[in-house]
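Peer 1: Below you'll find final16.txt; it's compact mmCIF, C-alpha atoms.
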```
# COMPACT_ATOMS: atom_id res chain seq x y z
CA MET A 27 -5.04 28.99 -63.47
CA ASP A 28 -3.70 32.43 -64.23
CA LYS A 29 -0.71 32.38 -66.57
CA ILE A 30 1.19 34.84 -64.36
CA ILE A 31 0.86 32.51 -61.38
CA GLU A 32 1.88 29.56 -63.54
CA TYR A 33 5.05 31.47 -64.39
CA MET A 34 5.68 32.31 -60.72
CA LEU A 35 5.43 28.65 -59.80
CA ALA A 36 7.64 27.55 -62.68
CA GLU A 37 10.23 30.16 -61.76
CA ASP A 38 10.30 28.99 -58.14
CA GLU A 39 10.37 25.28 -58.97
CA GLY A 40 13.16 25.42 -61.51
CA PHE A 41 13.93 21.81 -62.47
CA GLY A 42 12.23 20.42 -59.37
CA ASP A 43 11.99 20.79 -55.61
CA ILE A 44 15.02 18.69 -54.81
CA THR A 45 14.71 19.27 -51.06
CA SER A 46 11.15 17.98 -50.76
CA ASN A 47 11.85 15.12 -53.16
CA ALA A 48 14.79 14.06 -51.01
CA VAL A 49 13.21 14.47 -47.58
CA VAL A 50 9.41 14.19 -47.81
CA GLU A 51 7.82 10.80 -48.38
CA LYS A 52 6.00 10.58 -51.70
CA GLY A 53 2.21 10.52 -51.28
CA LEU A 54 2.28 11.83 -47.71
CA VAL A 55 -0.90 13.79 -46.92
CA ILE A 56 -0.61 16.57 -44.35
CA SER A 57 -2.58 19.52 -42.99
CA ALA A 58 -1.08 23.01 -42.84
CA GLN A 59 -2.09 26.46 -41.65
CA ILE A 60 -1.28 29.91 -42.98
CA VAL A 61 -0.80 32.26 -40.03
CA SER A 62 -0.26 36.00 -39.85
CA LYS A 63 2.86 37.32 -38.18
CA ASP A 64 1.71 40.88 -38.79
CA GLU A 65 -1.31 43.17 -38.58
CA GLY A 66 -3.18 44.93 -41.34
CA ILE A 67 -5.82 44.21 -43.99
CA LEU A 68 -6.01 40.76 -45.56
CA ALA A 69 -6.04 40.34 -49.35
CA GLY A 70 -5.31 37.54 -51.78
CA MET A 71 -7.11 34.64 -50.10
CA ASP A 72 -9.40 34.04 -53.08
CA VAL A 73 -6.39 34.09 -55.40
CA ILE A 74 -4.31 31.58 -53.47
CA ARG A 75 -7.32 29.37 -52.86
CA GLY A 76 -7.55 28.95 -56.62
CA VAL A 77 -3.89 27.96 -56.76
CA PHE A 78 -4.25 25.33 -54.08
CA GLU A 79 -7.43 23.89 -55.58
CA GLU A 80 -5.86 23.73 -59.04
CA TYR A 81 -3.27 21.40 -57.53
CA GLY A 82 -5.79 19.27 -55.66
CA VAL A 83 -5.25 20.78 -52.22
CA LYS A 84 -8.37 21.24 -50.09
CA VAL A 85 -8.85 24.69 -48.56
CA ASN A 86 -10.73 26.01 -45.53
CA PHE A 87 -11.06 29.75 -45.06
CA TRP A 88 -10.85 31.30 -41.63
CA LEU A 89 -10.70 34.95 -42.62
CA LYS A 90 -11.78 36.58 -45.89
CA ASP A 91 -10.29 39.35 -48.01
CA GLY A 92 -10.87 42.72 -46.38
CA SER A 93 -10.66 41.37 -42.84
CA SER A 94 -8.55 43.20 -40.28
CA ILE A 95 -5.87 40.82 -39.06
CA SER A 96 -3.49 40.67 -36.11
CA LYS A 97 -0.42 38.65 -35.21
CA ASN A 98 -1.05 34.90 -34.86
CA ASP A 99 -4.41 35.04 -36.66
CA LEU A 100 -5.21 31.86 -38.57
CA LEU A 101 -5.89 32.87 -42.18
CA MET A 102 -6.37 29.58 -44.03
CA SER A 103 -5.93 25.87 -43.50
CA VAL A 104 -5.17 23.34 -46.24
CA VAL A 105 -5.02 19.57 -46.56
CA GLY A 106 -3.21 17.75 -49.32
CA ASP A 107 -0.05 16.15 -50.65
CA ALA A 108 2.93 17.40 -48.65
CA ARG A 109 5.26 17.76 -51.63
CA THR A 110 2.61 19.71 -53.54
CA ILE A 111 1.96 22.09 -50.66
CA LEU A 112 5.69 22.71 -50.27
CA LEU A 113 5.94 23.39 -53.99
CA LEU A 114 3.22 26.06 -53.73
CA GLU A 115 4.19 27.49 -50.34
CA ARG A 116 6.50 30.36 -51.22
CA THR A 117 4.53 31.56 -54.23
CA VAL A 118 1.18 31.71 -52.43
CA LEU A 119 2.74 33.34 -49.38
CA ASN A 120 4.66 35.93 -51.38
CA LEU A 121 1.61 36.89 -53.42
CA SER A 122 -0.82 37.09 -50.48
CA MET A 123 1.72 39.01 -48.37
CA ARG A 124 2.25 41.51 -51.18
CA MET A 125 -1.48 41.95 -51.78
CA SER A 126 -2.19 42.34 -48.07
CA GLY A 127 0.52 44.99 -47.82
CA VAL A 128 -1.07 47.00 -50.64
CA ALA A 129 -4.54 46.61 -49.12
CA SER A 130 -3.22 47.72 -45.73
CA ALA A 131 -1.55 50.83 -47.18
CA ALA A 132 -4.72 51.70 -49.09
CA SER A 133 -6.87 51.29 -45.99
CA HIS A 134 -4.49 53.46 -43.97
CA TYR A 135 -4.69 56.38 -46.41
CA VAL A 136 -8.43 56.03 -46.93
CA ASN A 137 -9.01 56.22 -43.19
CA LEU A 138 -6.92 59.38 -42.94
CA VAL A 139 -9.44 61.25 -45.13
CA LYS A 140 -12.65 59.43 -44.21
CA ASP A 141 -14.23 62.69 -43.03
CA TYR A 142 -13.83 64.33 -46.44
CA ASP A 143 -15.71 63.82 -49.71
CA VAL A 144 -12.67 62.63 -51.63
CA ARG A 145 -11.57 59.41 -53.31
CA VAL A 146 -8.11 57.94 -52.70
CA ALA A 147 -6.72 56.17 -55.77
CA GLY A 148 -3.68 54.16 -56.75
CA THR A 149 -1.69 54.64 -59.94
CA ARG A 150 -0.05 52.46 -62.59
CA LYS A 151 3.15 52.36 -60.53
CA THR A 152 2.57 48.69 -59.83
CA SER A 153 4.95 45.75 -59.81
CA PRO A 154 5.60 44.43 -63.34
CA ALA A 155 3.34 41.55 -64.41
CA ILE A 156 1.22 41.56 -61.24
CA ALA A 157 -0.64 44.84 -61.75
CA LYS A 158 -4.04 43.18 -61.61
CA PHE A 159 -3.24 41.69 -58.21
CA ASP A 160 -2.08 45.10 -56.95
CA LYS A 161 -5.23 46.72 -58.32
CA TYR A 162 -7.46 44.13 -56.67
CA ALA A 163 -5.65 44.73 -53.38
CA LEU A 164 -6.29 48.48 -53.69
CA GLN A 165 -10.00 47.76 -53.95
CA VAL A 166 -9.89 45.46 -50.94
CA GLY A 167 -8.30 48.30 -48.96
CA GLY A 168 -11.03 50.72 -50.01
CA ALA A 169 -9.10 52.72 -52.60
CA ASP A 170 -9.91 53.32 -56.25
CA THR A 171 -7.84 51.45 -58.81
CA HIS A 172 -7.41 54.36 -61.23
CA ARG A 173 -6.54 52.97 -64.70
CA PHE A 174 -5.97 49.25 -65.05
CA SER A 175 -4.25 49.70 -68.40
CA LEU A 176 -3.56 52.24 -71.13
CA ASP A 177 -6.87 51.61 -72.90
CA ASP A 178 -9.06 52.46 -69.90
CA MET A 179 -9.09 56.20 -70.51
CA VAL A 180 -7.05 59.01 -72.03
CA LEU A 181 -4.52 60.33 -69.53
CA ILE A 182 -2.36 63.06 -71.03
CA LYS A 183 0.89 63.33 -69.08
CA ASP A 184 3.98 65.52 -69.35
CA ASN A 185 5.66 63.43 -72.06
CA HIS A 186 2.53 63.53 -74.20
CA ILE A 187 2.35 67.29 -73.74
CA ALA A 188 6.03 67.60 -74.70
CA THR A 189 5.10 66.39 -78.20
CA CYS A 190 2.45 69.11 -78.55
CA GLU A 191 2.42 72.90 -78.44
CA SER A 192 0.81 73.14 -75.00
CA PRO A 193 -1.42 71.26 -72.58
CA LEU A 194 -4.45 72.81 -74.24
CA ASP A 195 -3.24 71.69 -77.68
CA ALA A 196 -2.87 68.14 -76.36
CA LEU A 197 -6.34 68.24 -74.81
CA LEU A 198 -7.99 69.48 -78.00
CA LYS A 199 -6.26 66.76 -80.04
CA ALA A 200 -7.46 64.14 -77.60
CA LYS A 201 -11.05 65.41 -77.74
CA LYS A 202 -10.93 65.32 -81.54
CA ASN A 203 -9.42 61.85 -81.84
CA THR A 204 -11.03 59.95 -78.96
CA SER A 205 -14.38 58.20 -78.76
CA PHE A 206 -17.08 59.88 -76.71
CA SER A 207 -17.12 56.72 -74.58
CA LYS A 208 -13.71 57.43 -73.04
CA LYS A 209 -12.96 59.99 -70.36
CA ILE A 210 -10.09 62.40 -70.91
CA GLU A 211 -7.75 63.42 -68.11
CA ILE A 212 -4.84 65.82 -68.41
CA GLU A 213 -1.93 66.53 -66.10
CA VAL A 214 -1.08 70.22 -65.54
CA GLU A 215 1.51 72.04 -63.49
CA THR A 216 0.29 75.65 -63.50
CA LEU A 217 -2.80 77.62 -62.54
CA ASP A 218 -3.27 78.97 -66.07
CA ASP A 219 -3.11 75.53 -67.68
CA ALA A 220 -5.58 74.15 -65.15
CA ILE A 221 -8.07 76.91 -65.95
CA GLU A 222 -7.69 76.48 -69.72
CA CYS A 223 -8.20 72.71 -69.53
CA VAL A 224 -11.28 73.00 -67.32
CA LYS A 225 -12.72 75.65 -69.64
CA ASN A 226 -12.19 73.36 -72.62
CA GLY A 227 -13.90 70.28 -71.28
CA ALA A 228 -11.34 67.99 -69.70
CA ASP A 229 -13.22 65.35 -67.71
CA ILE A 230 -10.46 65.28 -65.10
CA VAL A 231 -7.65 67.75 -64.48
CA MET A 232 -4.71 66.41 -62.49
CA LEU A 233 -2.75 69.00 -60.53
CA ASP A 234 0.68 67.45 -60.58
CA ASN A 235 3.17 68.06 -57.76
CA MET A 236 1.38 71.17 -56.55
CA ASN A 237 1.61 72.05 -52.88
CA PRO A 238 -1.61 72.68 -50.91
CA ASN A 239 -1.37 76.47 -51.35
CA GLU A 240 -1.09 76.10 -55.13
CA VAL A 241 -4.00 73.68 -55.22
CA SER A 242 -6.06 76.09 -53.12
CA ASP A 243 -5.35 78.87 -55.63
CA VAL A 244 -6.60 76.68 -58.48
CA ILE A 245 -9.80 75.71 -56.66
CA ASP A 246 -10.50 79.31 -55.65
CA ARG A 247 -9.99 80.58 -59.20
CA LEU A 248 -12.21 77.88 -60.70
CA ASN A 249 -14.93 78.82 -58.22
CA GLU A 250 -14.56 82.51 -59.07
CA LEU A 251 -15.03 81.67 -62.75
CA ASN A 252 -17.99 79.42 -61.89
CA ILE A 253 -16.42 76.47 -63.73
CA ARG A 254 -15.32 74.32 -60.80
CA GLN A 255 -18.13 71.85 -61.53
CA ASN A 256 -16.97 71.32 -65.13
CA SER A 257 -14.14 68.91 -64.28
CA LEU A 258 -13.09 66.53 -61.56
CA ILE A 259 -9.92 67.74 -59.87
CA GLU A 260 -7.23 65.22 -58.98
CA VAL A 261 -4.05 65.90 -57.06
CA SER A 262 -0.98 63.71 -57.27
CA GLY A 263 2.71 63.71 -56.56
CA GLY A 264 4.59 63.37 -53.29
CA ILE A 265 1.49 63.11 -51.10
CA THR A 266 2.17 61.42 -47.76
CA ASP A 267 0.13 60.43 -44.73
CA ASP A 268 1.30 63.70 -43.13
CA THR A 269 -0.05 65.87 -45.96
CA ILE A 270 -3.03 64.01 -47.42
CA ALA A 271 -5.56 65.74 -45.15
CA ASP A 272 -4.18 69.14 -46.21
CA TYR A 273 -5.23 68.32 -49.76
CA ALA A 274 -8.51 66.64 -48.89
CA LYS A 275 -9.84 69.65 -47.00
CA LEU A 276 -9.42 71.84 -50.09
CA GLY A 277 -12.31 70.09 -51.83
CA VAL A 278 -10.45 68.10 -54.48
CA ASP A 279 -12.20 65.04 -55.88
CA ILE A 280 -9.37 62.52 -56.16
CA ILE A 281 -6.03 62.03 -54.44
CA SER A 282 -3.81 59.53 -56.26
CA ILE A 283 -0.80 58.02 -54.51
CA GLY A 284 1.77 55.87 -56.29
CA ALA A 285 3.30 54.77 -53.00
CA LEU A 286 0.27 52.56 -52.31
CA THR A 287 1.75 50.08 -54.76
CA HIS A 288 5.37 51.04 -55.38
CA SER A 289 6.40 51.45 -51.74
CA SER A 290 3.97 49.48 -49.60
CA ARG A 291 5.45 46.95 -47.17
CA SER A 292 4.40 43.33 -47.60
CA LEU A 293 2.83 41.80 -44.54
CA ASN A 294 4.50 38.74 -43.02
CA PHE A 295 2.72 35.38 -43.19
CA SER A 296 3.99 31.86 -42.51
CA MET A 297 2.86 28.33 -43.22
CA ARG A 298 2.95 25.73 -40.45
CA PHE A 299 2.58 22.00 -40.97
```
Translate this structure into structure tokens?
Peer 2:
Amino acid sequence: MDKIIEYMLAEDEGFGDITSNAVVEKGLVISAQIVSKDEGILAGMDVIRGVFEEYGVKVNFWLKDGSSISKNDLLMSVVGDARTILLLERTVLNLSMRMSGVASAASHYVNLVKDYDVRVAGTRKTSPAIAKFDKYALQVGGADTHRFSLDDMVLIKDNHIATCESPLDALLKAKKNTSFSKKIEIEVETLDDAIECVKNGADIVMLDNMNPNEVSDVIDRLNELNIRQNSLIEVSGGITDDTIADYAKLGVDIISIGALTHSSRSLNFSMRF
């Protein structure tokens, strides 16, 4: 079982579930159901199945990851030792509710721009220690994960640039010192820097915190110079469900949104014996 989940369970158990040990008969076998009290996109069922099975609890799926769910939908049923199920209950519910919330947010934003040739992506603004669960949930919701970790690709951000002479200087250093097998992305804040980085071979240029008019100016200028096709163009920073279509219609390639993971609302599930 995943070491992160082992820690979650150990944290929740403390020195033992004194309530269940006092009230629930030892060896009692029960059946239980996990039910949705919310609507959205389901994620995390495969993960929590593994937790239950590791502890000898039998699992029956009713709905799979990626399913649209409504209030009172039956998500999973389990059969096993009552004390064991109670020990696992809060951890499996918390994790699946969190993952379903991320998947639901991702699906919502993806659907807002489904008529455009653009990819919605998350960021590394995930919850500490459970980034891989957040990233999996993004995929379930139809979004791109972006980087899983720092070694996935070069992503030159403002603090990297602050140690160099300019964005272009940072880009050229990265091209010199990075394997051909890794893509290089750079974050820029001005039209001139965007043009220079596209001209000099950045795989991806991120237009950071630019409004739609500023992004439009960049795209138009790149087209005028006949270099638009040289780099993927990503926009990021403060994009909401009210503004995402304004960016998508400009012809950008990627829209990354940190709120998919740092501000998504967990769905509400419950377990019933």
Peer 1: When distances are computed from only C-alpha atoms, which of A:Gly127, A:Gly284, A:Pro238, A:Gly227 shows the smallest separation from Leu258 (chain A)?
Peer 2: A:Gly227
Peer 1: Between A:Ser207, A:Asn249, A:Thr171, A:Ser46, which one has atoms that come closest to Ile111 (chain A), using only C-alpha atoms?
Peer 2: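 Smallest distance to Ile111 (chain A) is found for A:Ser46.
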Peer 1: Which residue out of A:Lys97, A:His186, A:His288, A:Arg298 has the minimum interatomic distance to Thr149 (chain A) when all atoms listed in the file are used?
Peer 2: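 Distance minimum relative to Thr149 (chain A) lands on A:His288.
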Peer 1: State, in Å with one decimal place, the distance from CA of Leu138 (chain A) to CA of Leu164 (chain A).
Peer 2: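 Separation between CA of Leu138 (chain A) and CA of Leu164 (chain A): 15.3 Å.
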Peer 1: Between A:Thr204, A:Ser153, A:Asn185, A:Ser93, which residue has the minimum interatomic distance to Leu68 (chain A), considering all atoms listed in the file?
Peer 2: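 For Leu68 (chain A), the nearest of the given residues is A:Ser93.
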Peer 1: Any idea what's packed within 6 Å of Glu260 (chain A), counting all atoms listed in the file, ignoring anything in its chain fewer than 2 positions away? Could you give it as a PDB file with C-alpha atoms, keeping the file's coordinate frame?
Peer 2:
```pdb
ATOM      1  CA  MET A 232      -4.710  66.410 -62.490  1.00  0.00           C
ATOM      2  CA  ASP A 279     -12.200  65.040 -55.880  1.00  0.00           C
ATOM      3  CA  ILE A 280      -9.370  62.520 -56.160  1.00  0.00           C
ATOM      4  CA  ILE A 281      -6.030  62.030 -54.440  1.00  0.00           C
TER       5      ILE A 281
END
```
Peer 1: Mind giving me the straight-line distance from CA of Val261 (chain A) to CA of Ser192 (chain A) in Å, one decimal?
Peer 2: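 Spanning CA of Val261 (chain A) to CA of Ser192 (chain A) is a straight-line distance of 19.9 Å.
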Peer 1: Would you list the residues near (-12.1, 68.5, -69.1) (no more than 8 Å away, in the coordinates of the file, using only C-alpha atoms) as a VMD selection string?
Peer 2: chain A and resid 210 to 212 223 to 231 256 to 258
Peer 1: Using all atoms listed in the file for the distances, tell me which of A:Leu101, A:Leu251, A:Ile31, A:Leu293 is nearest to Ala155 (chain A).
Peer 2: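 Residue with the minimum atom-to-atom distance to Ala155 (chain A): A:Ile31.
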Peer 1: Could you jot down the CA of Asp28 (chain A) to CA of Thr110 (chain A) separation for me, Å, one decimal place?
Peer 2: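 Separating CA of Asp28 (chain A) from CA of Thr110 (chain A) is a distance of 17.8 Å.
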Peer 1: Using all atoms listed in the file for the distances, tell me which of A:Thr117, A:Leu233, A:Asp219, A:Ile245 is nearest to Glu37 (chain A).
Peer 2: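 The shortest atom-to-atom distance to Glu37 (chain A) comes from A:Thr117.
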Peer 1: Quick one: everything within 12 Å of Leu113 (chain A), counting all atoms listed in the file, minus sequence neighbours fewer than 5 positions away in the same chain. Send it as a PyMOL selection string.
Peer 2: chain A and resi 34-47+50+77-78+81+83+106-108+118-119
Peer 1: Can you tell me which residues surround Met125 (chain A) at a distance of at most 6 Å, considering only C-alpha atoms, apart from same-chain residues fewer than 5 positions away, and format the answer as a PyMOL selection string?
Peer 2: chain A and resi 69-70+163
Peer 1: Near Phe299 (chain A), counting all atoms listed in the file, which residues have an atom at most 8 Å away, once you skip same-chain residues fewer than 2 positions from it, shown as a tab-separated table (two decimals) with C-alpha atoms, in the frame of the given file?
Peer 2:
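Output below, filename result34.tsv:
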```tsv
chain	number	residue	atom	x	y	z
A	56	ILE	CA	-0.61	16.57	-44.35
A	57	SER	CA	-2.58	19.52	-42.99
A	58	ALA	CA	-1.08	23.01	-42.84
A	59	GLN	CA	-2.09	26.46	-41.65
A	297	MET	CA	2.86	28.33	-43.22
```
Peer 1: Find the residues near Val244 (chain A): any atom within 8 Å, counting all atoms listed in the file, skip ones fewer than 6 places away on the same chain, and give them as a list in words.
Peer 2: Leu217, Ala220 and Ile221 of chain A
Peer 1: Place N, CA and C atoms on region 172-199 of chain A and deliver the coordinates as a PDB file, in the coordinates of the input.
Peer 2:
```
ATOM      1  N   HIS A 172      -7.850  53.524 -60.117  1.00  0.00           N
ATOM      2  CA  HIS A 172      -7.410  54.360 -61.230  1.00  0.00           C
ATOM      3  C   HIS A 172      -7.403  53.491 -62.489  1.00  0.00           C
ATOM      4  N   ARG A 173      -6.540  53.774 -63.468  1.00  0.00           N
ATOM      5  CA  ARG A 173      -6.540  52.970 -64.700  1.00  0.00           C
ATOM      6  C   ARG A 173      -5.958  51.578 -64.450  1.00  0.00           C
ATOM      7  N   PHE A 174      -6.582  50.566 -65.049  1.00  0.00           N
ATOM      8  CA  PHE A 174      -5.970  49.250 -65.050  1.00  0.00           C
ATOM      9  C   PHE A 174      -4.904  49.172 -66.134  1.00  0.00           C
ATOM     10  N   SER A 175      -5.179  49.792 -67.274  1.00  0.00           N
ATOM     11  CA  SER A 175      -4.250  49.700 -68.400  1.00  0.00           C
ATOM     12  C   SER A 175      -4.416  50.942 -69.282  1.00  0.00           C
ATOM     13  N   LEU A 176      -3.594  51.043 -70.294  1.00  0.00           N
ATOM     14  CA  LEU A 176      -3.560  52.240 -71.130  1.00  0.00           C
ATOM     15  C   LEU A 176      -4.845  52.476 -71.920  1.00  0.00           C
ATOM     16  N   ASP A 177      -5.652  51.439 -72.097  1.00  0.00           N
ATOM     17  CA  ASP A 177      -6.870  51.610 -72.900  1.00  0.00           C
ATOM     18  C   ASP A 177      -8.091  51.967 -72.055  1.00  0.00           C
ATOM     19  N   ASP A 178      -7.920  52.139 -70.764  1.00  0.00           N
ATOM     20  CA  ASP A 178      -9.060  52.460 -69.900  1.00  0.00           C
ATOM     21  C   ASP A 178      -9.602  53.861 -70.158  1.00  0.00           C
ATOM     22  N   MET A 179      -8.701  54.812 -70.305  1.00  0.00           N
ATOM     23  CA  MET A 179      -9.090  56.200 -70.510  1.00  0.00           C
ATOM     24  C   MET A 179      -7.895  56.944 -71.100  1.00  0.00           C
ATOM     25  N   VAL A 180      -8.143  58.150 -71.580  1.00  0.00           N
ATOM     26  CA  VAL A 180      -7.050  59.010 -72.030  1.00  0.00           C
ATOM     27  C   VAL A 180      -6.486  59.716 -70.802  1.00  0.00           C
ATOM     28  N   LEU A 181      -5.175  59.591 -70.605  1.00  0.00           N
ATOM     29  CA  LEU A 181      -4.520  60.330 -69.530  1.00  0.00           C
ATOM     30  C   LEU A 181      -3.286  60.996 -70.132  1.00  0.00           C
ATOM     31  N   ILE A 182      -3.406  62.298 -70.365  1.00  0.00           N
ATOM     32  CA  ILE A 182      -2.360  63.060 -71.030  1.00  0.00           C
ATOM     33  C   ILE A 182      -1.360  63.532 -69.978  1.00  0.00           C
ATOM     34  N   LYS A 183      -0.133  63.003 -70.063  1.00  0.00           N
ATOM     35  CA  LYS A 183       0.890  63.330 -69.080  1.00  0.00           C
ATOM     36  C   LYS A 183       1.970  64.221 -69.705  1.00  0.00           C
ATOM     37  N   ASP A 184       2.990  64.528 -68.916  1.00  0.00           N
ATOM     38  CA  ASP A 184       3.980  65.520 -69.350  1.00  0.00           C
ATOM     39  C   ASP A 184       4.680  65.125 -70.645  1.00  0.00           C
ATOM     40  N   ASN A 185       4.968  63.830 -70.831  1.00  0.00           N
ATOM     41  CA  ASN A 185       5.660  63.430 -72.060  1.00  0.00           C
ATOM     42  C   ASN A 185       4.752  63.501 -73.278  1.00  0.00           C
ATOM     43  N   HIS A 186       3.451  63.315 -73.085  1.00  0.00           N
ATOM     44  CA  HIS A 186       2.530  63.530 -74.200  1.00  0.00           C
ATOM     45  C   HIS A 186       2.498  65.021 -74.555  1.00  0.00           C
ATOM     46  N   ILE A 187       2.422  65.845 -73.520  1.00  0.00           N
ATOM     47  CA  ILE A 187       2.350  67.290 -73.740  1.00  0.00           C
ATOM     48  C   ILE A 187       3.613  67.808 -74.415  1.00  0.00           C
ATOM     49  N   ALA A 188       4.760  67.182 -74.108  1.00  0.00           N
ATOM     50  CA  ALA A 188       6.030  67.600 -74.700  1.00  0.00           C
ATOM     51  C   ALA A 188       6.041  67.438 -76.218  1.00  0.00           C
ATOM     52  N   THR A 189       5.175  66.589 -76.740  1.00  0.00           N
ATOM     53  CA  THR A 189       5.100  66.390 -78.200  1.00  0.00           C
ATOM     54  C   THR A 189       4.109  67.354 -78.849  1.00  0.00           C
ATOM     55  N   CYS A 190       3.452  68.172 -78.049  1.00  0.00           N
ATOM     56  CA  CYS A 190       2.450  69.110 -78.550  1.00  0.00           C
ATOM     57  C   CYS A 190       2.875  70.542 -78.234  1.00  0.00           C
ATOM     58  N   GLU A 191       2.073  71.502 -78.661  1.00  0.00           N
ATOM     59  CA  GLU A 191       2.420  72.900 -78.440  1.00  0.00           C
ATOM     60  C   GLU A 191       2.186  73.338 -77.002  1.00  0.00           C
ATOM     61  N   SER A 192       1.187  72.733 -76.345  1.00  0.00           N
ATOM     62  CA  SER A 192       0.810  73.140 -75.000  1.00  0.00           C
ATOM     63  C   SER A 192      -0.131  72.094 -74.424  1.00  0.00           C
ATOM     64  N   PRO A 193      -0.412  72.155 -73.126  1.00  0.00           N
ATOM     65  CA  PRO A 193      -1.420  71.260 -72.580  1.00  0.00           C
ATOM     66  C   PRO A 193      -2.775  71.400 -73.274  1.00  0.00           C
ATOM     67  N   LEU A 194      -3.168  72.612 -73.555  1.00  0.00           N
ATOM     68  CA  LEU A 194      -4.450  72.810 -74.240  1.00  0.00           C
ATOM     69  C   LEU A 194      -4.450  72.176 -75.618  1.00  0.00           C
ATOM     70  N   ASP A 195      -3.356  72.318 -76.350  1.00  0.00           N
ATOM     71  CA  ASP A 195      -3.240  71.690 -77.680  1.00  0.00           C
ATOM     72  C   ASP A 195      -3.395  70.177 -77.561  1.00  0.00           C
ATOM     73  N   ALA A 196      -2.759  69.582 -76.562  1.00  0.00           N
ATOM     74  CA  ALA A 196      -2.870  68.140 -76.360  1.00  0.00           C
ATOM     75  C   ALA A 196      -4.304  67.741 -76.031  1.00  0.00           C
ATOM     76  N   LEU A 197      -4.956  68.526 -75.179  1.00  0.00           N
ATOM     77  CA  LEU A 197      -6.340  68.240 -74.810  1.00  0.00           C
ATOM     78  C   LEU A 197      -7.260  68.295 -76.020  1.00  0.00           C
ATOM     79  N   LEU A 198      -7.113  69.331 -76.828  1.00  0.00           N
ATOM     80  CA  LEU A 198      -7.990  69.480 -78.000  1.00  0.00           C
ATOM     81  C   LEU A 198      -7.768  68.347 -78.999  1.00  0.00           C
ATOM     82  N   LYS A 199      -6.532  67.912 -79.168  1.00  0.00           N
ATOM     83  CA  LYS A 199      -6.260  66.760 -80.040  1.00  0.00           C
ATOM     84  C   LYS A 199      -6.929  65.512 -79.507  1.00  0.00           C
TER      85      LYS A 199
END
```
